[in-house]
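Source file: work-v3.cif. Holds: mmCIF, C-alpha atoms.
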data_my_file
#
loop_
_atom_site.group_PDB
_atom_site.id
_atom_site.type_symbol
_atom_site.label_atom_id
_atom_site.label_comp_id
_atom_site.auth_asym_id
_atom_site.auth_seq_id
_atom_site.Cartn_x
_atom_site.Cartn_y
_atom_site.Cartn_z
ATOM 1 C CA MET M 1 62.193 89.289 -202.143
ATOM 2 C CA ALA M 2 59.043 88.112 -203.931
ATOM 3 C CA GLN M 3 56.032 87.440 -201.763
ATOM 4 C CA SER M 4 54.261 84.116 -202.322
ATOM 5 C CA ALA M 5 50.557 83.916 -203.126
ATOM 6 C CA LYS M 6 50.011 82.057 -199.859
ATOM 7 C CA SER M 7 51.751 84.745 -197.784
ATOM 8 C CA ARG M 8 49.789 87.504 -199.481
ATOM 9 C CA ARG M 9 46.521 85.592 -198.969
ATOM 10 C CA GLN M 10 47.274 85.109 -195.276
ATOM 11 C CA GLU M 11 48.047 88.800 -194.863
ATOM 12 C CA LEU M 12 44.680 89.608 -196.430
ATOM 13 C CA ILE M 13 42.983 87.139 -194.096
ATOM 14 C CA LEU M 14 44.498 88.984 -191.118
ATOM 15 C CA ALA M 15 43.329 92.273 -192.613
ATOM 16 C CA GLU M 16 39.828 90.817 -192.875
ATOM 17 C CA LEU M 17 39.952 89.820 -189.191
ATOM 18 C CA ARG M 18 40.771 93.376 -188.201
ATOM 19 C CA VAL M 19 37.499 94.477 -189.781
ATOM 20 C CA ASN M 20 35.354 91.467 -188.810
ATOM 21 C CA ARG M 21 36.211 89.554 -185.641
ATOM 22 C CA THR M 22 34.983 86.279 -187.201
ATOM 23 C CA ILE M 23 35.428 84.910 -190.727
ATOM 24 C CA ARG M 24 34.073 81.838 -192.540
ATOM 25 C CA VAL M 25 36.042 79.406 -194.698
ATOM 26 C CA ALA M 26 33.418 79.430 -197.452
ATOM 27 C CA ASP M 27 33.423 83.231 -197.670
ATOM 28 C CA LEU M 28 37.217 83.383 -197.854
ATOM 29 C CA ALA M 29 37.368 80.685 -200.524
ATOM 30 C CA GLU M 30 34.927 82.659 -202.646
ATOM 31 C CA LYS M 31 36.764 85.931 -202.051
ATOM 32 C CA PHE M 32 40.198 84.577 -202.998
ATOM 33 C CA GLY M 33 39.030 82.146 -205.695
ATOM 34 C CA THR M 34 40.566 79.125 -203.973
ATOM 35 C CA SER M 35 39.298 75.839 -202.589
ATOM 36 C CA THR M 36 37.967 75.562 -199.048
ATOM 37 C CA GLU M 37 40.771 73.076 -198.300
ATOM 38 C CA THR M 38 43.367 75.717 -199.203
ATOM 39 C CA ILE M 39 41.725 78.193 -196.832
ATOM 40 C CA ARG M 40 41.520 75.596 -194.053
ATOM 41 C CA ARG M 41 45.251 74.913 -194.444
ATOM 42 C CA ASP M 42 45.924 78.653 -194.278
ATOM 43 C CA LEU M 43 43.869 79.039 -191.113
ATOM 44 C CA ASP M 44 45.464 75.999 -189.463
ATOM 45 C CA GLU M 45 48.939 77.333 -190.250
ATOM 46 C CA MET M 46 48.023 80.765 -188.927
ATOM 47 C CA LYS M 47 46.585 79.234 -185.769
ATOM 48 C CA SER M 48 49.880 77.376 -185.218
ATOM 49 C CA ALA M 49 51.659 80.742 -185.516
ATOM 50 C CA GLU M 50 49.257 82.219 -182.897
ATOM 51 C CA LEU M 51 47.842 84.704 -185.415
ATOM 52 C CA LEU M 52 44.181 83.711 -184.951
ATOM 53 C CA SER M 53 41.855 81.275 -183.235
ATOM 54 C CA ARG M 54 40.031 78.539 -185.174
ATOM 55 C CA THR M 55 36.281 78.097 -184.959
ATOM 56 C CA HIS M 56 33.904 75.566 -186.492
ATOM 57 C CA GLY M 57 33.811 76.599 -190.134
ATOM 58 C CA GLY M 58 36.189 79.526 -189.838
ATOM 59 C CA ALA M 59 38.327 81.611 -187.488
ATOM 60 C CA LYS M 60 38.209 84.557 -185.107
ATOM 61 C CA SER M 61 40.685 87.199 -184.033
ATOM 62 C CA LEU M 62 42.731 86.759 -180.866
ATOM 63 C CA PRO M 63 42.144 88.971 -177.821
ATOM 64 C CA LEU M 64 44.435 92.028 -177.794
ATOM 65 C CA GLY M 65 45.910 90.860 -174.491
ATOM 66 C CA HIS M 66 46.906 87.466 -175.874
ATOM 67 C CA GLU M 67 50.607 86.628 -176.178
ATOM 68 C CA PRO M 68 52.162 83.173 -176.625
ATOM 69 C CA THR M 69 54.865 82.292 -174.090
ATOM 70 C CA LEU M 70 58.501 82.940 -174.943
ATOM 71 C CA ALA M 71 59.076 79.201 -175.440
ATOM 72 C CA GLU M 72 56.188 79.056 -177.925
ATOM 73 C CA ARG M 73 57.351 82.148 -179.833
ATOM 74 C CA GLU M 74 60.855 80.744 -180.166
ATOM 75 C CA GLN M 75 59.483 78.100 -182.558
ATOM 76 C CA MET M 76 57.864 80.657 -184.895
ATOM 77 C CA PHE M 77 59.602 82.261 -187.897
ATOM 78 C CA LEU M 78 63.011 81.141 -186.616
ATOM 79 C CA THR M 79 64.839 81.577 -189.944
ATOM 80 C CA GLU M 80 63.427 85.069 -190.385
ATOM 81 C CA ARG M 81 64.313 86.111 -186.837
ATOM 82 C CA ARG M 82 67.886 84.883 -187.251
ATOM 83 C CA ARG M 83 68.288 86.963 -190.399
ATOM 84 C CA ILE M 84 66.969 90.022 -188.590
ATOM 85 C CA ALA M 85 69.270 89.429 -185.604
ATOM 86 C CA ALA M 86 72.374 89.008 -187.778
ATOM 87 C CA LYS M 87 71.710 92.313 -189.498
ATOM 88 C CA ALA M 88 71.071 94.110 -186.211
ATOM 89 C CA VAL M 89 74.352 92.899 -184.685
ATOM 90 C CA ALA M 90 76.256 94.266 -187.690
ATOM 91 C CA SER M 91 75.285 97.804 -186.605
ATOM 92 C CA LEU M 92 77.024 97.555 -183.206
ATOM 93 C CA ARG M 93 80.321 99.274 -182.403
ATOM 94 C CA PRO M 94 82.999 98.237 -179.885
ATOM 95 C CA ASN M 95 82.186 99.326 -176.312
ATOM 96 C CA ASP M 96 78.564 100.203 -177.072
ATOM 97 C CA VAL M 97 76.116 100.048 -174.161
ATOM 98 C CA VAL M 98 73.011 98.165 -175.244
ATOM 99 C CA MET M 99 69.589 97.981 -173.576
ATOM 100 C CA LEU M 100 68.036 94.639 -174.520
ATOM 101 C CA ASP M 101 64.577 93.520 -173.425
ATOM 102 C CA THR M 102 63.030 90.069 -173.462
ATOM 103 C CA GLY M 103 61.520 88.448 -176.559
ATOM 104 C CA SER M 104 62.040 85.739 -179.152
ATOM 105 C CA THR M 105 63.802 88.012 -181.663
ATOM 106 C CA THR M 106 65.911 89.820 -179.083
ATOM 107 C CA LEU M 107 66.948 86.361 -177.858
ATOM 108 C CA GLU M 108 68.243 85.565 -181.361
ATOM 109 C CA PHE M 109 70.021 88.914 -181.302
ATOM 110 C CA ALA M 110 71.727 87.857 -178.044
ATOM 111 C CA ARG M 111 72.834 84.575 -179.630
ATOM 112 C CA ALA M 112 74.369 86.495 -182.529
ATOM 113 C CA VAL M 113 76.149 88.870 -180.140
ATOM 114 C CA ALA M 114 77.492 86.040 -177.978
ATOM 115 C CA VAL M 115 79.661 84.543 -180.745
ATOM 116 C CA ARG M 116 81.277 87.843 -181.759
ATOM 117 C CA ALA M 117 84.600 89.201 -180.542
ATOM 118 C CA LEU M 118 83.026 92.545 -179.727
ATOM 119 C CA PRO M 119 83.301 94.227 -176.311
ATOM 120 C CA LEU M 120 79.891 95.464 -175.159
ATOM 121 C CA THR M 121 77.926 96.266 -172.026
ATOM 122 C CA VAL M 122 74.432 94.781 -172.165
ATOM 123 C CA ILE M 123 71.660 95.758 -169.748
ATOM 124 C CA THR M 124 68.823 93.242 -169.862
ATOM 125 C CA ASN M 125 65.867 92.017 -167.819
ATOM 126 C CA SER M 126 65.896 88.629 -169.592
ATOM 127 C CA TYR M 127 67.410 85.606 -167.849
ATOM 128 C CA PRO M 128 67.898 83.644 -171.120
ATOM 129 C CA VAL M 129 69.659 86.645 -172.699
ATOM 130 C CA ALA M 130 71.965 87.023 -169.688
ATOM 131 C CA THR M 131 72.726 83.285 -169.673
ATOM 132 C CA ILE M 132 73.613 83.304 -173.372
ATOM 133 C CA LEU M 133 75.848 86.385 -173.132
ATOM 134 C CA ALA M 134 77.642 85.747 -169.832
ATOM 135 C CA PRO M 135 80.185 83.117 -171.063
ATOM 136 C CA ASN M 136 81.727 85.632 -173.507
ATOM 137 C CA PRO M 137 84.487 87.441 -171.519
ATOM 138 C CA LEU M 138 84.192 90.531 -173.741
ATOM 139 C CA LEU M 139 80.600 91.089 -172.652
ATOM 140 C CA ARG M 140 79.599 92.836 -169.449
ATOM 141 C CA VAL M 141 76.045 91.871 -168.494
ATOM 142 C CA ILE M 142 73.968 93.929 -166.051
ATOM 143 C CA MET M 143 70.637 92.659 -164.733
ATOM 144 C CA PRO M 144 68.084 94.614 -162.686
ATOM 145 C CA PRO M 145 66.119 93.333 -159.677
ATOM 146 C CA GLY M 146 62.386 92.765 -159.935
ATOM 147 C CA GLU M 147 59.531 90.279 -159.921
ATOM 148 C CA PHE M 148 60.245 87.157 -161.959
ATOM 149 C CA THR M 149 57.751 86.142 -164.665
ATOM 150 C CA ALA M 150 58.151 82.484 -165.625
ATOM 151 C CA ALA M 151 56.361 82.635 -169.012
ATOM 152 C CA GLU M 152 58.865 85.237 -170.259
ATOM 153 C CA SER M 153 61.844 84.260 -168.055
ATOM 154 C CA MET M 154 62.253 87.922 -167.142
ATOM 155 C CA VAL M 155 62.110 90.327 -164.235
ATOM 156 C CA ASN M 156 59.768 93.288 -164.321
ATOM 157 C CA GLY M 157 57.965 95.812 -162.183
ATOM 158 C CA PHE M 158 58.690 99.016 -160.268
ATOM 159 C CA GLU M 159 62.170 98.045 -159.016
ATOM 160 C CA THR M 160 63.189 96.933 -162.508
ATOM 161 C CA ASN M 161 62.173 100.254 -164.046
ATOM 162 C CA GLU M 162 63.830 102.322 -161.326
ATOM 163 C CA PHE M 163 67.076 100.374 -161.737
ATOM 164 C CA ILE M 164 67.099 100.838 -165.536
ATOM 165 C CA ARG M 165 66.584 104.598 -165.115
ATOM 166 C CA ARG M 166 70.052 104.850 -163.553
ATOM 167 C CA PHE M 167 71.801 103.934 -166.819
ATOM 168 C CA ASN M 168 72.458 105.486 -170.212
ATOM 169 C CA ALA M 169 72.881 103.473 -173.411
ATOM 170 C CA ASN M 170 73.939 103.967 -176.998
ATOM 171 C CA ILE M 171 71.303 101.618 -178.367
ATOM 172 C CA CYS M 172 68.045 100.043 -177.233
ATOM 173 C CA VAL M 173 67.246 96.834 -179.124
ATOM 174 C CA THR M 174 63.636 95.798 -178.652
ATOM 175 C CA GLY M 175 60.887 93.641 -180.132
ATOM 176 C CA ALA M 176 57.104 93.931 -180.179
ATOM 177 C CA SER M 177 53.956 91.828 -180.061
ATOM 178 C CA GLY M 178 52.639 93.816 -183.006
ATOM 179 C CA VAL M 179 53.623 96.586 -185.406
ATOM 180 C CA THR M 180 50.799 99.058 -186.015
ATOM 181 C CA LEU M 181 50.496 102.290 -187.956
ATOM 182 C CA GLY M 182 50.628 104.160 -184.643
ATOM 183 C CA GLY M 183 53.793 102.452 -183.401
ATOM 184 C CA PRO M 184 55.065 99.165 -181.972
ATOM 185 C CA ALA M 185 52.636 97.503 -179.538
ATOM 186 C CA ASP M 186 52.867 94.921 -176.777
ATOM 187 C CA ALA M 187 50.397 92.625 -175.026
ATOM 188 C CA ASN M 188 52.166 92.817 -171.652
ATOM 189 C CA LEU M 189 51.635 96.043 -169.683
ATOM 190 C CA GLU M 190 54.741 95.638 -167.509
ATOM 191 C CA ALA M 191 56.881 94.827 -170.556
ATOM 192 C CA THR M 192 55.536 97.955 -172.268
ATOM 193 C CA ARG M 193 56.537 100.159 -169.336
ATOM 194 C CA LEU M 194 60.045 98.731 -169.316
ATOM 195 C CA LYS M 195 60.410 99.157 -173.079
ATOM 196 C CA ARG M 196 59.521 102.836 -172.664
ATOM 197 C CA THR M 197 62.140 103.243 -169.949
ATOM 198 C CA MET M 198 64.826 101.539 -172.045
ATOM 199 C CA ILE M 199 63.932 103.687 -175.063
ATOM 200 C CA ALA M 200 64.048 106.871 -172.975
ATOM 201 C CA ARG M 201 67.499 106.021 -171.577
ATOM 202 C CA SER M 202 69.007 105.164 -174.989
ATOM 203 C CA HIS M 203 70.411 107.430 -177.687
ATOM 204 C CA ARG M 204 68.686 105.444 -180.446
ATOM 205 C CA THR M 205 66.277 102.513 -180.650
ATOM 206 C CA ILE M 206 66.212 99.607 -183.101
ATOM 207 C CA LEU M 207 62.999 97.615 -183.436
ATOM 208 C CA LEU M 208 63.348 93.979 -184.535
ATOM 209 C CA ALA M 209 60.139 92.555 -186.029
ATOM 210 C CA ASP M 210 59.485 89.762 -188.508
ATOM 211 C CA HIS M 211 56.815 90.227 -191.180
ATOM 212 C CA SER M 212 54.082 88.486 -189.154
ATOM 213 C CA LYS M 213 54.099 91.353 -186.635
ATOM 214 C CA PHE M 214 53.043 94.019 -189.148
ATOM 215 C CA GLU M 215 49.409 95.155 -188.917
ATOM 216 C CA ARG M 216 49.059 92.966 -185.843
ATOM 217 C CA TYR M 217 47.495 94.835 -182.944
ATOM 218 C CA ALA M 218 48.268 94.290 -179.255
ATOM 219 C CA LEU M 219 46.989 95.746 -176.008
ATOM 220 C CA GLU M 220 49.142 98.864 -175.660
ATOM 221 C CA THR M 221 51.202 101.058 -177.979
ATOM 222 C CA VAL M 222 54.781 101.301 -176.727
ATOM 223 C CA CYS M 223 55.724 104.612 -178.366
ATOM 224 C CA PRO M 224 55.126 106.676 -181.513
ATOM 225 C CA TRP M 225 57.288 106.028 -184.567
ATOM 226 C CA ASN M 226 59.353 109.171 -184.111
ATOM 227 C CA GLU M 227 60.989 107.500 -181.085
ATOM 228 C CA ILE M 228 62.251 104.583 -183.202
ATOM 229 C CA ALA M 229 65.434 105.116 -185.248
ATOM 230 C CA SER M 230 65.416 101.875 -187.263
ATOM 231 C CA VAL M 231 63.130 98.953 -188.020
ATOM 232 C CA ILE M 232 64.788 95.710 -189.114
ATOM 233 C CA THR M 233 62.489 93.111 -190.657
ATOM 234 C CA ASP M 234 62.676 90.221 -193.120
ATOM 235 C CA ARG M 235 60.147 91.372 -195.707
ATOM 236 C CA LEU M 236 59.181 94.685 -197.263
ATOM 237 C CA PRO M 237 56.046 96.008 -195.467
ATOM 238 C CA SER M 238 53.100 97.699 -197.147
ATOM 239 C CA ASP M 239 53.307 101.074 -198.880
ATOM 240 C CA THR M 240 51.434 102.633 -195.961
ATOM 241 C CA PHE M 241 54.073 101.562 -193.446
ATOM 242 C CA ARG M 242 56.881 102.716 -195.739
ATOM 243 C CA GLU M 243 55.255 106.117 -196.108
ATOM 244 C CA ILE M 244 54.879 106.468 -192.335
ATOM 245 C CA PHE M 245 58.499 105.440 -191.744
ATOM 246 C CA GLU M 246 59.723 107.955 -194.308
ATOM 247 C CA LEU M 247 57.569 110.697 -192.800
ATOM 248 C CA GLN M 248 58.767 109.945 -189.243
ATOM 249 C CA GLY M 249 62.431 109.520 -190.203
ATOM 250 C CA VAL M 250 62.538 105.800 -189.406
ATOM 251 C CA GLU M 251 65.181 103.797 -191.262
ATOM 252 C CA LEU M 252 63.699 100.610 -192.735
ATOM 253 C CA VAL M 253 66.130 97.711 -193.201
ATOM 254 C CA VAL M 254 65.044 94.480 -194.901
ATOM 255 C CA ALA M 255 67.424 91.592 -194.146
ATOM 256 C CA ALA M 256 68.159 89.347 -197.111
ATOM 257 C CA ASP M 257 68.202 85.547 -197.218
ATOM 258 C CA ASP M 258 71.891 85.220 -196.348
ATOM 259 C CA GLY M 259 71.318 87.011 -193.027
ATOM 260 C CA VAL M 260 73.937 89.668 -193.733
ATOM 261 C CA ALA M 261 73.071 91.515 -196.909
ATOM 262 C CA SER M 262 70.171 93.899 -196.732
ATOM 263 C CA ARG M 263 68.615 96.928 -198.254
ATOM 264 C CA SER M 264 67.876 100.148 -196.412
ATOM 265 C CA LEU M 265 64.883 102.154 -197.548
#
Structure re-expressed in structure tokens:
Amino acid sequence: MAQSAKSRRQELILAELRVNRTIRVADLAEKFGTSTETIRRDLDEMKSAELLSRTHGGAKSLPLGHEPTLAEREQMFLTERRRIAAKAVASLRPNDVVMLDTGSTTLEFARAVAVRALPLTVITNSYPVATILAPNPLLRVIMPPGEFTAAESMVNGFETNEFIRRFNANICVTGASGVTLGGPADANLEATRLKRTMIARSHRTILLADHSKFERYALETVCPWNEIASVITDRLPSDTFREIFELQGVELVVAADDGVASRSL
């Protein structure tokens, strides 16, 4: 899938923000050989996607602890997340036990699972995921106790983790706030702890992440790459990521436009 000039420019803008916390429109226009209006449109679009914060005359990086609410994230990269979810569901087998955490992409995964005639047991801390899956009589849904967090519509905390530790699963399907060279990362400390528990109790883990998550840093690294079996995304990542995945034995799957076809690398 060819990458547009705009997408490549925006990726380079994010790379610039990782080096310098603030950037100026005039400097970026000169660097990329474009008009200042083009750069302003880029920055406004990236602000809408919660990738940066706008300033007078430029932009600045977001705090590492920043995370849009689940409702806000559901509006971002919807087409891409649906393609990723459709490909991930295709890897499931009848009677699999699946650990599924909260997130905008895992929510799309749940929607794709819900319309399939596939018997599964799903263990989730997400109320929206449970609500979507429950009407399908072939799906057994297990939810842990815990403290409810309204922004994510999930339960979390000590009781949640202890409950999850009682179970074993074939697959953990998880998302991330960011995808770094050191591993997937998350802005929510409690969510990170639960992801680790789900990964530890599962035979293999699939990470679902659209292209905007790559080289995006968040507060805490969830796990190293050797604990992830597969990464499913919508666009080929950089050579550096591909080299790390190959070195760590991580399968990279890029979902194609039709949501079903893909290429594994």
Using only C-alpha atoms, the residue out of M:Thr180, M:Ser212, M:Asn20, M:Ser91 with shortest distance to Leu78 of chain M is M:Ser212
Could you list, as a list in words, every residue matched by the PyMOL selection byres ((chain M and resi 5) around 12) in this structure? Ala2, Gln3, Ser4, Lys6, Ser7, Arg8, Arg9, Gln10, Glu11, Leu12, Phe32, Gly33, Thr34, Thr38 and Asp42 of chain M
Write out the residues from the selection above, keeping C-alpha atoms, as an mmCIF file, keeping the file's coordinate frame.
data_model
loop_
_atom_site.group_PDB
_atom_site.id
_atom_site.type_symbol
_atom_site.label_atom_id
_atom_site.label_comp_id
_atom_site.auth_asym_id
_atom_site.auth_seq_id
_atom_site.Cartn_x
_atom_site.Cartn_y
_atom_site.Cartn_z
ATOM 1 C CA ALA M 2 59.043 88.112 -203.931
ATOM 2 C CA GLN M 3 56.032 87.440 -201.763
ATOM 3 C CA SER M 4 54.261 84.116 -202.322
ATOM 4 C CA LYS M 6 50.011 82.057 -199.859
ATOM 5 C CA SER M 7 51.751 84.745 -197.784
ATOM 6 C CA ARG M 8 49.789 87.504 -199.481
ATOM 7 C CA ARG M 9 46.521 85.592 -198.969
ATOM 8 C CA GLN M 10 47.274 85.109 -195.276
ATOM 9 C CA GLU M 11 48.047 88.800 -194.863
ATOM 10 C CA LEU M 12 44.680 89.608 -196.430
ATOM 11 C CA PHE M 32 40.198 84.577 -202.998
ATOM 12 C CA GLY M 33 39.030 82.146 -205.695
ATOM 13 C CA THR M 34 40.566 79.125 -203.973
ATOM 14 C CA THR M 38 43.367 75.717 -199.203
ATOM 15 C CA ASP M 42 45.924 78.653 -194.278
#
From the list M:Val222, M:Ile23, M:Ala209, M:Leu194, which residue is nearest Val254 of chain M when using only C-alpha atoms? M:Ala209
Hits of the PyMOL selection byres ((chain M and resi 185) around 8) in this structure, as a PyMOL selection string: chain M and resi 176-180+183-184+186-187+192+217-223
Which of M:Met46, M:Val98, M:Ala85, M:Leu107 sits closest to Glu152 of chain M [using all atoms listed in the file]: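 Among the listed residues, the smallest separation from Glu152 of chain M belongs to M:Leu107.
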List, as a CSV table (one decimal) with C-alpha atoms, in the frame of the given file, every residue that the PyMOL selection byres ((chain M and resi 164) around 9) selects in the file provided.
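Output below, filename expr05.csv:
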chain,number,residue,atom,x,y,z
M,99,MET,CA,69.6,98.0,-173.6
M,123,ILE,CA,71.7,95.8,-169.7
M,124,THR,CA,68.8,93.2,-169.9
M,143,MET,CA,70.6,92.7,-164.7
M,144,PRO,CA,68.1,94.6,-162.7
M,159,GLU,CA,62.2,98.0,-159.0
M,160,THR,CA,63.2,96.9,-162.5
M,161,ASN,CA,62.2,100.3,-164.0
M,162,GLU,CA,63.8,102.3,-161.3
M,163,PHE,CA,67.1,100.4,-161.7
M,165,ARG,CA,66.6,104.6,-165.1
M,166,ARG,CA,70.1,104.8,-163.6
M,167,PHE,CA,71.8,103.9,-166.8
M,168,ASN,CA,72.5,105.5,-170.2
M,194,LEU,CA,60.0,98.7,-169.3
M,197,THR,CA,62.1,103.2,-169.9
M,198,MET,CA,64.8,101.5,-172.0
M,201,ARG,CA,67.5,106.0,-171.6
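Taking atom CA of Ala15 of chain M and atom CA of Asp27 of chain M as endpoints, the distance between them is 14.3 Å.
Proximity to Pro94 of chain M was assessed for M:Ala59, M:Leu138, M:Ala110, M:Leu43 counting all atoms listed in the file; the smallest distance is recorded for M:Leu138.
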Distance atom CA of Ile171 of chain M-atom CA of Phe148 of chain M, one decimal place?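 Between atom CA of Ile171 of chain M and atom CA of Phe148 of chain M the gap works out to 24.5 Å.
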Contact residues around Ala130 of chain M with only C-alpha atoms at 12 Å, ignoring same-chain residues under 3 positions, as a PDB file with C-alpha atoms, keeping the file's coordinate frame:
ATOM      1  CA  MET M  99      69.589  97.981-173.576  1.00  0.00           C
ATOM      2  CA  LEU M 100      68.036  94.639-174.520  1.00  0.00           C
ATOM      3  CA  ASP M 101      64.577  93.520-173.425  1.00  0.00           C
ATOM      4  CA  THR M 102      63.030  90.069-173.462  1.00  0.00           C
ATOM      5  CA  THR M 106      65.911  89.820-179.083  1.00  0.00           C
ATOM      6  CA  LEU M 107      66.948  86.361-177.858  1.00  0.00           C
ATOM      7  CA  PHE M 109      70.021  88.914-181.302  1.00  0.00           C
ATOM      8  CA  ALA M 110      71.727  87.857-178.044  1.00  0.00           C
ATOM      9  CA  ARG M 111      72.834  84.575-179.630  1.00  0.00           C
ATOM     10  CA  VAL M 113      76.149  88.870-180.140  1.00  0.00           C
ATOM     11  CA  ALA M 114      77.492  86.040-177.978  1.00  0.00           C
ATOM     12  CA  THR M 121      77.926  96.266-172.026  1.00  0.00           C
ATOM     13  CA  VAL M 122      74.432  94.781-172.165  1.00  0.00           C
ATOM     14  CA  ILE M 123      71.660  95.758-169.748  1.00  0.00           C
ATOM     15  CA  THR M 124      68.823  93.242-169.862  1.00  0.00           C
ATOM     16  CA  ASN M 125      65.867  92.017-167.819  1.00  0.00           C
ATOM     17  CA  SER M 126      65.896  88.629-169.592  1.00  0.00           C
ATOM     18  CA  TYR M 127      67.410  85.606-167.849  1.00  0.00           C
ATOM     19  CA  LEU M 133      75.848  86.385-173.132  1.00  0.00           C
ATOM     20  CA  ALA M 134      77.642  85.747-169.832  1.00  0.00           C
ATOM     21  CA  PRO M 135      80.185  83.117-171.063  1.00  0.00           C
ATOM     22  CA  ASN M 136      81.727  85.632-173.507  1.00  0.00           C
ATOM     23  CA  LEU M 139      80.600  91.089-172.652  1.00  0.00           C
ATOM     24  CA  ARG M 140      79.599  92.836-169.449  1.00  0.00           C
ATOM     25  CA  VAL M 141      76.045  91.871-168.494  1.00  0.00           C
ATOM     26  CA  ILE M 142      73.968  93.929-166.051  1.00  0.00           C
ATOM     27  CA  MET M 143      70.637  92.659-164.733  1.00  0.00           C
ATOM     28  CA  PRO M 144      68.084  94.614-162.686  1.00  0.00           C
ATOM     29  CA  SER M 153      61.844  84.260-168.055  1.00  0.00           C
ATOM     30  CA  MET M 154      62.253  87.922-167.142  1.00  0.00           C
ATOM     31  CA  VAL M 155      62.110  90.327-164.235  1.00  0.00           C
TER      32      VAL M 155
END
Restricting the calculation to all atoms listed in the file: of M:Ile132, M:Arg196, M:Lys60, M:Arg93, which residue gets closest to Leu118 of chain M?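 Going through M:Ile132, M:Arg196, M:Lys60, M:Arg93 one by one, the smallest distance to Leu118 of chain M is for M:Arg93.
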Nearest to Asp96 of chain M by atom-to-atom distance, counting only C-alpha atoms, from M:His56, M:His211, M:Arg204, M:Arg40: M:Arg204
Gap from atom CA of Leu51 of chain M to atom CA of Leu247 of chain M - Å, one decimal: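 Rounded to one decimal, the two atoms are 28.7 Å apart.
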Using only C-alpha atoms, which protein or nucleic acid residues come within 12 Å of Ile228 of chain M? Drop anything in the same chain fewer than 3 positions from it, and give the result as a ChimeraX atom specification. /M:171-175,179,182-184,195-196,198-200,202-208,222-225,231-232,244-246,248-252
